[in-house]
Amino acid sequence: MKAAVVREAGDADALKVESDFPVPKMGPGQVIVKNEYAGINFIDTYHRKGLYPREMPFVGGQEGGGVVAAVSDEAAKEGIKIGDRVAYSILGTYSEYSAVPAAKLLPVPDGVDIDVATSCVVQGLTAHYLVSSAHAGLIKPGEWCLIHGVGGGTCQWAAQMAKLRGFKVIGTCAKGKVDVASTLGCDELIVLDEVEGTSYENYESVDVVAKVMEITDGKGVKCVIDGIGKSTVDIAINSLAHRGIFVSFGNASGAVPAFPVLKLIGKSAYVTRPKLLDYTANRTELVERANEIFGWLKEGKLNVTVDTAFPLEEAAEGHKYLEAGKSKGKVLYKI
């Protein structure tokens with residue numbers, strides 16, 4: 001089969017498309033999915049670069065959507081049929097076919113397109129646990145939340161879901177993404193210059209903490225959702241209200257450096273560094289989150305922007321596009 005493969009850690013050009021990669025064998029309890037789309041996520045770039053080491057060689061990706069092409073006896077007993085439309089998350093989705101445990105499958109309801117459903121699996125579920133669970137209930141409806149980078153990717157979802165949860169939302173975005181960010185329902189938008197040569201927000205171009213304190217009457221926010229990382233850690237901590245929580249879930253500008261826990265004492269603040277697998281720990285939790293997201297999509301309460309779908313043959317270009325901060329929504333491969 002055709003697949004985008006990493007045989008040696010490196011830059012985006014380390015992701016090579018091969019036309020003769022072995023089709024995975026279907027094991028007990030699994031199905032074979034013929035992929036129509038694969039999602040491109042920042043974690044894929046961390047795997048490719050070796051920041052999160054993987055055994056070589058490996059097929060990139062961990063988010064896919066398509067049609068069931070073969071079913072094991074065990075999966076058939078669970079009611080899964082050839083032709084079912086599904087989305088899922090396992091490692092190795094930049095490929096024509098994937099062997100997927102039946103327990104990982106999310107049935108795609110009528111009225112939801114496969115590209116949108118594929119976009120939901122990592123970014124949508126991540127946004128869901130960030131605004132629903134990772135804050136450990138330390139923010140309540142009617143209280144302020146700061147979400148960085150709402151102009152692209154996961155935090156487009158997070159901003160909209162935070163509003164659905166009843167939070168007041170301050171979003172940050174680059175000037176070039178105001179057109180998208182302004183449609184998300186944020187109560188306040190802090191617009192920043194772009195880092196030269198990229199589409200990323202320049203977090204030194206505006207005093208974000210001062211803006212946050214002005215908006216919140218000097219109290220700060222009860223929750224910061226931050227996928228930027230290195231560039232925003234001090235902004236996040238200093239923007240918190242008393243007993244607020246800093247939720248750090250990504251490294252777009254580089255990994256968050258180590259810092260002394262004493263840094264949290266001023267606000268008696270909390271910090272967490274969560275990951276999706278721990279918030280979809282079992283089939284029940286996975287399906288509950290997905291069903292709520294698909295429900296919001298069907299009701300028109302969530303607006304999902306698919307920015308670009310690169311052909312799989314242009315695998316390296318997809319990673320370069322994402323890493324340059326150009327996306328204003330979900331970036332996919334069309335298989």
# chains A, B, ... in the order shown; residues from 1 in each chain; ligands from 1

call {"tool": "select_by_dssp", "arguments": {"residues": "range 39-181 of chain A", "states": "strand (DSSP E or B)", "output": "PyMOL selection string"}}
result
chain A and resi 39+58-59+64-71+85-88+95+97-101+106-107+144-147+168-174

call {"tool": "write_last_selection", "arguments": {"atoms": "C-alpha atoms", "output": "mmCIF file, in the first residue's frame"}}
result
data_model
loop_
_atom_site.group_PDB
_atom_site.id
_atom_site.type_symbol
_atom_site.label_atom_id
_atom_site.label_comp_id
_atom_site.auth_asym_id
_atom_site.auth_seq_id
_atom_site.Cartn_x
_atom_site.Cartn_y
_atom_site.Cartn_z
ATOM 1 C CA GLY A 39 -5.365 14.173 10.173
ATOM 2 C CA PHE A 58 7.074 3.908 11.370
ATOM 3 C CA VAL A 59 4.079 5.162 9.415
ATOM 4 C CA GLY A 64 -7.896 8.577 10.395
ATOM 5 C CA GLY A 65 -11.290 8.241 8.813
ATOM 6 C CA GLY A 66 -12.752 6.112 6.071
ATOM 7 C CA VAL A 67 -14.796 3.009 5.336
ATOM 8 C CA VAL A 68 -14.550 -0.463 6.872
ATOM 9 C CA ALA A 69 -13.103 -2.841 4.234
ATOM 10 C CA ALA A 70 -12.756 -6.078 6.252
ATOM 11 C CA VAL A 71 -14.146 -7.271 9.582
ATOM 12 C CA ARG A 85 -18.180 4.962 7.908
ATOM 13 C CA VAL A 86 -15.788 5.353 10.829
ATOM 14 C CA ALA A 87 -13.175 7.627 12.369
ATOM 15 C CA TYR A 88 -10.511 6.507 14.819
ATOM 16 C CA SER A 95 -1.623 5.122 4.811
ATOM 17 C CA TYR A 97 -5.233 0.950 5.040
ATOM 18 C CA SER A 98 -5.143 0.626 8.829
ATOM 19 C CA ALA A 99 -5.839 -2.330 11.132
ATOM 20 C CA VAL A 100 -7.972 -0.816 13.889
ATOM 21 C CA PRO A 101 -9.258 -2.410 17.104
ATOM 22 C CA LEU A 106 -16.199 5.909 16.226
ATOM 23 C CA PRO A 107 -19.227 5.427 13.953
ATOM 24 C CA TRP A 144 -12.959 33.684 32.653
ATOM 25 C CA CYS A 145 -10.778 31.343 30.587
ATOM 26 C CA LEU A 146 -7.743 32.319 28.451
ATOM 27 C CA ILE A 147 -7.164 30.198 25.338
ATOM 28 C CA LYS A 168 -16.257 33.575 29.372
ATOM 29 C CA VAL A 169 -13.419 33.307 26.847
ATOM 30 C CA ILE A 170 -10.413 35.482 26.067
ATOM 31 C CA GLY A 171 -8.700 34.249 22.916
ATOM 32 C CA THR A 172 -5.322 35.188 21.467
ATOM 33 C CA CYS A 173 -4.551 35.078 17.749
ATOM 34 C CA ALA A 174 -2.231 36.468 15.097
#

call {"tool": "closest_atom_pairs", "arguments": {"of": "range 135-223 of chain A", "to": "range 40-54 of chain A", "cutoff": "12 Å", "atoms": "only C-alpha atoms", "output": "CSV"}}
result
residue,atom,partner,partner_atom,distance
A:Gly152,CA,A:Asn41,CA,11.5
A:Gly153,CA,A:Asn41,CA,8.5
A:Thr154,CA,A:Asn41,CA,9.1

call {"tool": "write_last_selection", "arguments": {"atoms": "C-alpha atoms", "output": "PDB file, in the first residue's frame"}}
result
ATOM      1  CA  GLY A 152      -5.976  27.606  14.161  1.00  0.00           C
ATOM      2  CA  GLY A 153      -6.352  23.945  14.976  1.00  0.00           C
ATOM      3  CA  THR A 154      -7.353  22.533  18.336  1.00  0.00           C
TER       4      THR A 154
END

call {"tool": "closest_atom_pairs", "arguments": {"of": "range 113-181 of chain A", "to": "range 277-285 of chain A", "cutoff": "9 Å", "atoms": "only C-alpha atoms", "output": "tab-separated table"}}
result
residue	atom	partner	partner_atom	distance
A:Leu125	CA	A:Thr280	CA	8.4
A:Thr126	CA	A:Tyr279	CA	8.5
A:Tyr129	CA	A:Tyr279	CA	6.4
A:Ser133	CA	A:Tyr279	CA	7.9
A:Ala134	CA	A:Tyr279	CA	8.3

call {"tool": "closest_residue", "arguments": {"among": "A:Thr93, A:Gln62, A:Asn291, A:Asn35", "to": "Ala4 in chain A", "atoms": "only C-alpha atoms"}}
result
A:Thr93

call {"tool": "closest_residue", "arguments": {"among": "A:Lys298, A:His242, A:Lys328, A:Lys334", "to": "Val112 in chain A", "atoms": "only C-alpha atoms"}}
result
A:Lys298

call {"tool": "closest_residue", "arguments": {"among": "A:Ile228, A:Val271, A:Val5, A:Val206", "to": "Gly254 in chain A", "atoms": "only C-alpha atoms"}}
result
A:Ile228

call {"tool": "select_by_dssp", "arguments": {"residues": "range 275-333 of chain A", "states": "helix (DSSP H, G or I)", "output": "ChimeraX atom specification"}}
result
/A:276-279,283-298,312-323

call {"tool": "write_last_selection", "arguments": {"atoms": "N, CA, C and O atoms", "output": "CSV table (one decimal), in the first residue's frame"}}
result
chain,number,residue,atom,x,y,z
A,276,LEU,N,-4.3,13.2,25.7
A,276,LEU,CA,-5.6,12.7,25.3
A,276,LEU,C,-5.9,11.3,25.7
A,276,LEU,O,-7.0,10.9,26.2
A,277,LEU,N,-4.9,10.4,25.7
A,277,LEU,CA,-5.1,9.0,26.0
A,277,LEU,C,-5.6,8.8,27.4
A,277,LEU,O,-6.4,7.9,27.7
A,278,ASP,N,-5.2,9.7,28.3
A,278,ASP,CA,-5.6,9.6,29.7
A,278,ASP,C,-7.1,10.1,29.9
A,278,ASP,O,-7.6,9.9,31.0
A,279,TYR,N,-7.6,10.8,28.9
A,279,TYR,CA,-9.0,11.3,29.0
A,279,TYR,C,-9.9,10.6,28.1
A,279,TYR,O,-11.1,11.0,27.9
A,283,ARG,N,-13.5,2.7,26.5
A,283,ARG,CA,-14.5,2.8,25.4
A,283,ARG,C,-15.6,3.8,25.8
A,283,ARG,O,-16.1,4.6,25.0
A,284,THR,N,-16.1,3.7,27.1
A,284,THR,CA,-17.2,4.5,27.5
A,284,THR,C,-16.9,6.0,27.4
A,284,THR,O,-17.7,6.8,26.9
A,285,GLU,N,-15.7,6.3,28.0
A,285,GLU,CA,-15.3,7.7,28.0
A,285,GLU,C,-15.1,8.2,26.5
A,285,GLU,O,-15.5,9.4,26.2
A,286,LEU,N,-14.5,7.4,25.7
A,286,LEU,CA,-14.2,7.8,24.3
A,286,LEU,C,-15.6,8.1,23.6
A,286,LEU,O,-15.7,9.2,22.9
A,287,VAL,N,-16.5,7.2,23.7
A,287,VAL,CA,-17.8,7.4,23.0
A,287,VAL,C,-18.6,8.5,23.5
A,287,VAL,O,-19.2,9.3,22.8
A,288,GLU,N,-18.6,8.7,24.9
A,288,GLU,CA,-19.3,9.8,25.4
A,288,GLU,C,-18.8,11.1,24.9
A,288,GLU,O,-19.6,12.0,24.5
A,289,ARG,N,-17.5,11.3,24.8
A,289,ARG,CA,-17.0,12.6,24.3
A,289,ARG,C,-17.3,12.7,22.8
A,289,ARG,O,-17.8,13.8,22.4
A,290,ALA,N,-17.1,11.7,22.1
A,290,ALA,CA,-17.4,11.7,20.6
A,290,ALA,C,-18.8,12.0,20.3
A,290,ALA,O,-19.2,12.8,19.5
A,291,ASN,N,-19.7,11.4,21.1
A,291,ASN,CA,-21.2,11.6,20.9
A,291,ASN,C,-21.6,13.0,21.1
A,291,ASN,O,-22.4,13.6,20.4
A,292,GLU,N,-21.0,13.6,22.2
A,292,GLU,CA,-21.3,15.0,22.4
A,292,GLU,C,-20.8,15.9,21.3
A,292,GLU,O,-21.5,16.8,20.9
A,293,ILE,N,-19.6,15.7,20.8
A,293,ILE,CA,-19.1,16.5,19.8
A,293,ILE,C,-19.9,16.3,18.5
A,293,ILE,O,-20.3,17.3,17.8
A,294,PHE,N,-20.2,15.1,18.1
A,294,PHE,CA,-21.0,14.8,16.9
A,294,PHE,C,-22.3,15.5,17.0
A,294,PHE,O,-22.9,16.0,16.1
A,295,GLY,N,-22.9,15.4,18.2
A,295,GLY,CA,-24.2,16.1,18.5
A,295,GLY,C,-24.1,17.6,18.2
A,295,GLY,O,-25.0,18.1,17.6
A,296,TRP,N,-23.1,18.2,18.8
A,296,TRP,CA,-22.9,19.7,18.6
A,296,TRP,C,-22.8,20.0,17.1
A,296,TRP,O,-23.3,21.0,16.6
A,297,LEU,N,-22.0,19.1,16.4
A,297,LEU,CA,-21.8,19.3,14.9
A,297,LEU,C,-23.1,19.3,14.2
A,297,LEU,O,-23.5,20.1,13.4
A,298,LYS,N,-23.9,18.3,14.5
A,298,LYS,CA,-25.2,18.1,13.8
A,298,LYS,C,-26.2,19.2,14.1
A,298,LYS,O,-27.0,19.6,13.3
A,312,LEU,N,-1.7,12.7,-0.1
A,312,LEU,CA,-0.7,12.0,0.7
A,312,LEU,C,0.7,12.0,0.0
A,312,LEU,O,1.7,12.0,0.7
A,313,GLU,N,0.7,12.1,-1.3
A,313,GLU,CA,2.0,12.2,-2.1
A,313,GLU,C,2.8,13.4,-1.6
A,313,GLU,O,4.0,13.5,-1.8
A,314,GLU,N,2.1,14.4,-1.1
A,314,GLU,CA,2.8,15.7,-0.6
A,314,GLU,C,2.9,15.7,0.9
A,314,GLU,O,2.7,16.7,1.5
A,315,ALA,N,3.3,14.5,1.5
A,315,ALA,CA,3.3,14.4,2.9
A,315,ALA,C,4.2,15.4,3.6
A,315,ALA,O,3.8,16.0,4.6
A,316,ALA,N,5.4,15.6,3.1
A,316,ALA,CA,6.3,16.5,3.7
A,316,ALA,C,5.8,18.0,3.7
A,316,ALA,O,5.9,18.7,4.7
A,317,GLU,N,5.1,18.3,2.6
A,317,GLU,CA,4.5,19.7,2.5
A,317,GLU,C,3.4,19.9,3.6
A,317,GLU,O,3.3,21.0,4.1
A,318,GLY,N,2.7,18.9,3.9
A,318,GLY,CA,1.7,19.0,4.9
A,318,GLY,C,2.3,19.3,6.3
A,318,GLY,O,1.8,20.2,7.0
A,319,HIS,N,3.4,18.7,6.6
A,319,HIS,CA,4.1,19.0,7.9
A,319,HIS,C,4.7,20.4,7.9
A,319,HIS,O,4.6,21.1,8.9
A,320,LYS,N,5.3,20.8,6.7
A,320,LYS,CA,5.9,22.1,6.6
A,320,LYS,C,4.8,23.2,6.8
A,320,LYS,O,5.0,24.2,7.5
A,321,TYR,N,3.7,23.0,6.2
A,321,TYR,CA,2.5,23.9,6.3
A,321,TYR,C,2.1,24.1,7.8
A,321,TYR,O,1.9,25.2,8.3
A,322,LEU,N,1.9,23.0,8.5
A,322,LEU,CA,1.5,23.0,9.9
A,322,LEU,C,2.5,23.7,10.7
A,322,LEU,O,2.2,24.6,11.6
A,323,GLU,N,3.8,23.3,10.6
A,323,GLU,CA,4.9,23.8,11.4
A,323,GLU,C,5.1,25.3,11.2
A,323,GLU,O,5.7,26.0,12.1

call {"tool": "atom_distance", "arguments": {"atom1": "CA of Glu194 in chain A", "atom2": "CA of Thr305 in chain A"}}
result
21.1 Å

call {"tool": "residues_around", "arguments": {"residues": "Lys326 in chain A", "least_positions_apart": "5", "cutoff": "10 Å", "atoms": "only C-alpha atoms", "output": "list in words"}}
result
Gly151, Gly152, Gly176, Lys177, Thr198, Ser199, Tyr200, Asp307, Lys320, Tyr321 and Val331 of chain A

call {"tool": "write_last_selection", "arguments": {"atoms": "N, CA, C and O atoms", "output": "mmCIF file, in the first residue's frame"}}
result
data_model
loop_
_atom_site.group_PDB
_atom_site.id
_atom_site.type_symbol
_atom_site.label_atom_id
_atom_site.label_comp_id
_atom_site.auth_asym_id
_atom_site.auth_seq_id
_atom_site.Cartn_x
_atom_site.Cartn_y
_atom_site.Cartn_z
ATOM 1 N N GLY A 151 -6.857 30.991 16.505
ATOM 2 C CA GLY A 151 -6.990 31.140 15.062
ATOM 3 C C GLY A 151 -6.766 29.868 14.276
ATOM 4 O O GLY A 151 -7.029 29.830 13.072
ATOM 5 N N GLY A 152 -6.270 28.817 14.917
ATOM 6 C CA GLY A 152 -5.976 27.606 14.161
ATOM 7 C C GLY A 152 -6.038 26.354 14.997
ATOM 8 O O GLY A 152 -5.737 26.373 16.188
ATOM 9 N N GLY A 176 -3.095 37.774 11.119
ATOM 10 C CA GLY A 176 -3.487 37.100 9.892
ATOM 11 C C GLY A 176 -4.601 36.091 10.062
ATOM 12 O O GLY A 176 -5.089 35.530 9.072
ATOM 13 N N LYS A 177 -5.007 35.838 11.318
ATOM 14 C CA LYS A 177 -6.052 34.841 11.562
ATOM 15 C C LYS A 177 -7.285 35.438 12.250
ATOM 16 O O LYS A 177 -8.152 34.715 12.725
ATOM 17 N N THR A 198 6.801 33.645 9.760
ATOM 18 C CA THR A 198 5.847 32.594 10.132
ATOM 19 C C THR A 198 4.461 33.218 10.266
ATOM 20 O O THR A 198 4.293 34.430 10.126
ATOM 21 N N SER A 199 3.491 32.384 10.568
ATOM 22 C CA SER A 199 2.144 32.881 10.867
ATOM 23 C C SER A 199 1.826 32.764 12.349
ATOM 24 O O SER A 199 0.683 32.859 12.758
ATOM 25 N N TYR A 200 2.867 32.548 13.171
ATOM 26 C CA TYR A 200 2.659 32.415 14.612
ATOM 27 C C TYR A 200 2.485 33.763 15.284
ATOM 28 O O TYR A 200 3.034 34.772 14.844
ATOM 29 N N ASP A 307 -8.965 23.474 6.769
ATOM 30 C CA ASP A 307 -8.143 24.475 6.088
ATOM 31 C C ASP A 307 -7.653 23.956 4.741
ATOM 32 O O ASP A 307 -7.872 24.568 3.702
ATOM 33 N N LYS A 320 5.276 20.766 6.733
ATOM 34 C CA LYS A 320 5.874 22.107 6.644
ATOM 35 C C LYS A 320 4.806 23.187 6.826
ATOM 36 O O LYS A 320 5.043 24.197 7.505
ATOM 37 N N TYR A 321 3.656 22.968 6.232
ATOM 38 C CA TYR A 321 2.547 23.932 6.322
ATOM 39 C C TYR A 321 2.101 24.096 7.769
ATOM 40 O O TYR A 321 1.918 25.217 8.265
ATOM 41 N N VAL A 331 -5.813 20.562 9.157
ATOM 42 C CA VAL A 331 -5.011 20.177 8.004
ATOM 43 C C VAL A 331 -5.056 18.657 7.891
ATOM 44 O O VAL A 331 -4.839 17.934 8.878
#

call {"tool": "residues_around", "arguments": {"residues": "Ala76 in chain A", "least_positions_apart": "4", "cutoff": "9 Å", "atoms": "only C-alpha atoms", "output": "NGL selection string"}}
result
:A and (29 or 31 or 71-72 or 80-81)
